[in-house]
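Asks: Let me give you the structure first, and then I'll get to my questions.
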Amino acid sequence: MVFGVFITYLPKKLFMAIQPGQPAPQFTLVSSERKEVSLSDFKGKKVVLHFFPAAFTSVCTTQLCTMRDNYAYYEGLNAQVLGISVDSPFTLAKFKAENNYQFPLLSDFNKEVSAAYGALYEEFVLGMKGVSKRAAFVIDEDQKVAYAEVLESAGDLPDFNAIAEGVK
């Protein structure tokens, strides 16, 4: 019985926010195109991860549309943009199509990647549990974290200027 308590307690202690300089937690998720995408696919390239709470909400749309509208900047610096939420790949496909995002949206439906990056609400609005926090990470060519920002308020947007600087 003690072992069961240990297992349920341990993940909360393990999943603290990732800090710059640390190796980026590796992952493989299903994209809005229903294909597997792994962080390791982009080794040798910079990666900008944008975690967002829920597709089709106003602040999430603003967050990802800002990245869409500045996509050429990131592409010019050999950086791949990826959006991550706990929405299903089917919801993300519709969200991507409606907003013309040029980058993959990845489904963290099982909430493991959001937790590994310290970007998961235990409890969100309306009693929802296990929703991605709004967060941004820049991963360098060696798969180390170059920039990390995890926001507690879902109403706040990440610091886009700091993200852009982190990619340079």
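Order determines the names: the first chain of the structure tokens is A, the second B, and so forth; residues in each chain are numbered 1 upward, and ligands are numbered 1 upward as they are shown.
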With a distance cut-off of 12 Å and only C-alpha atoms, select the neighbouring residues of Asp156 in chain A, excluding the residue or stretch itself and same-chain residues fewer than 6 positions from it, and output the selection as a ChimeraX atom specification.
Replies: /A:52-53,58-60,62-63,133-136,149-150
Asks: Report as CSV the residues of range 69-116 of chain A within 8 Å of range 21-39 of chain A, each with its shortest atom pair and distance in Å (one decimal), using only C-alpha atoms, ordered by chain and increasing residue number.
Replies:
```
residue,atom,partner,partner_atom,distance
A:Pro89,CA,A:Ser32,CA,4.8
A:Phe90,CA,A:Ser32,CA,6.5
A:Thr91,CA,A:Ser32,CA,7.9
A:Leu92,CA,A:Ser32,CA,5.2
A:Ala93,CA,A:Ser32,CA,4.3
A:Lys96,CA,A:Ser32,CA,7.4
A:Pro104,CA,A:Ser31,CA,6.1
A:Leu105,CA,A:Ser32,CA,5.3
A:Leu106,CA,A:Ser31,CA,4.3
A:Ser107,CA,A:Val30,CA,5.6
A:Asp108,CA,A:Leu29,CA,6.4
A:Val113,CA,A:Phe27,CA,6.7
A:Ala116,CA,A:Pro25,CA,6.6
```
Asks: Among chain A, which residues carry a DSSP assignment of alpha helix (DSSP H), reported as a ChimeraX atom specification?
Replies: /A:2-14,58-69,71-76,89-99,112-116,160-167
Asks: Which is closest to Lys45 in chain A among A:Gln80, A:Asn99, A:Ser114, A:Ser88, if we use only C-alpha atoms?
Replies: A:Gln80
Asks: Residues near range 70-72 of chain A, anyone? I mean within 12 Å using only C-alpha atoms, not counting same-chain ones fewer than 2 positions away, as a count of residues only.
Replies: 24
Asks: To one decimal place in Å, what is the distance between CA of Ala17 in chain A and CA of Phe56 in chain A?
Replies: 25.8 Å
Asks: Name all residues at most 10 Å from Asp140 in chain A (count only C-alpha atoms; drop same-chain ones fewer than 3 positions away) and give them as a ChimeraX atom specification.
Replies: /A:21,23-24,42-48,79,137,143-147,166-168
Asks: Find the distance between CA of Glu165 in chain A and CA of Gly83 in chain A and write it in Å to one decimal.
Replies: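 Pair CA of Glu165 in chain A / CA of Gly83 in chain A returns 18.7 Å.
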Asks: Tell me, in Å to one decimal, how far CA of Ile84 in chain A is from CA of Leu49 in chain A.
Replies: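 We find that CA of Ile84 in chain A and CA of Leu49 in chain A lie 7.1 Å from each other.
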Asks: Just the strand (DSSP E or B) stuff from chain A, please, per backbone DSSP, written as a ChimeraX atom specification.
Replies: /A:23,28-31,36-38,46-51,79-85,105-107,120-123,129-132,135-139,144-150
Asks: Return the single residue from A:Glu112, A:Glu141, A:Glu98, A:Glu122 that is closest to Thr61 in chain A, with distances computed using only C-alpha atoms.
Replies: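 The closest residue to Thr61 in chain A is A:Glu98.
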Asks: So that I can check the surroundings of Lys111 in chain A, please list as a PyMOL selection string every protein, DNA and RNA residue that reaches within 8 Å of it, counting only C-alpha atoms and ignoring chain neighbours fewer than 4 positions away.
Replies: chain A and resi 86+115+120+130-132
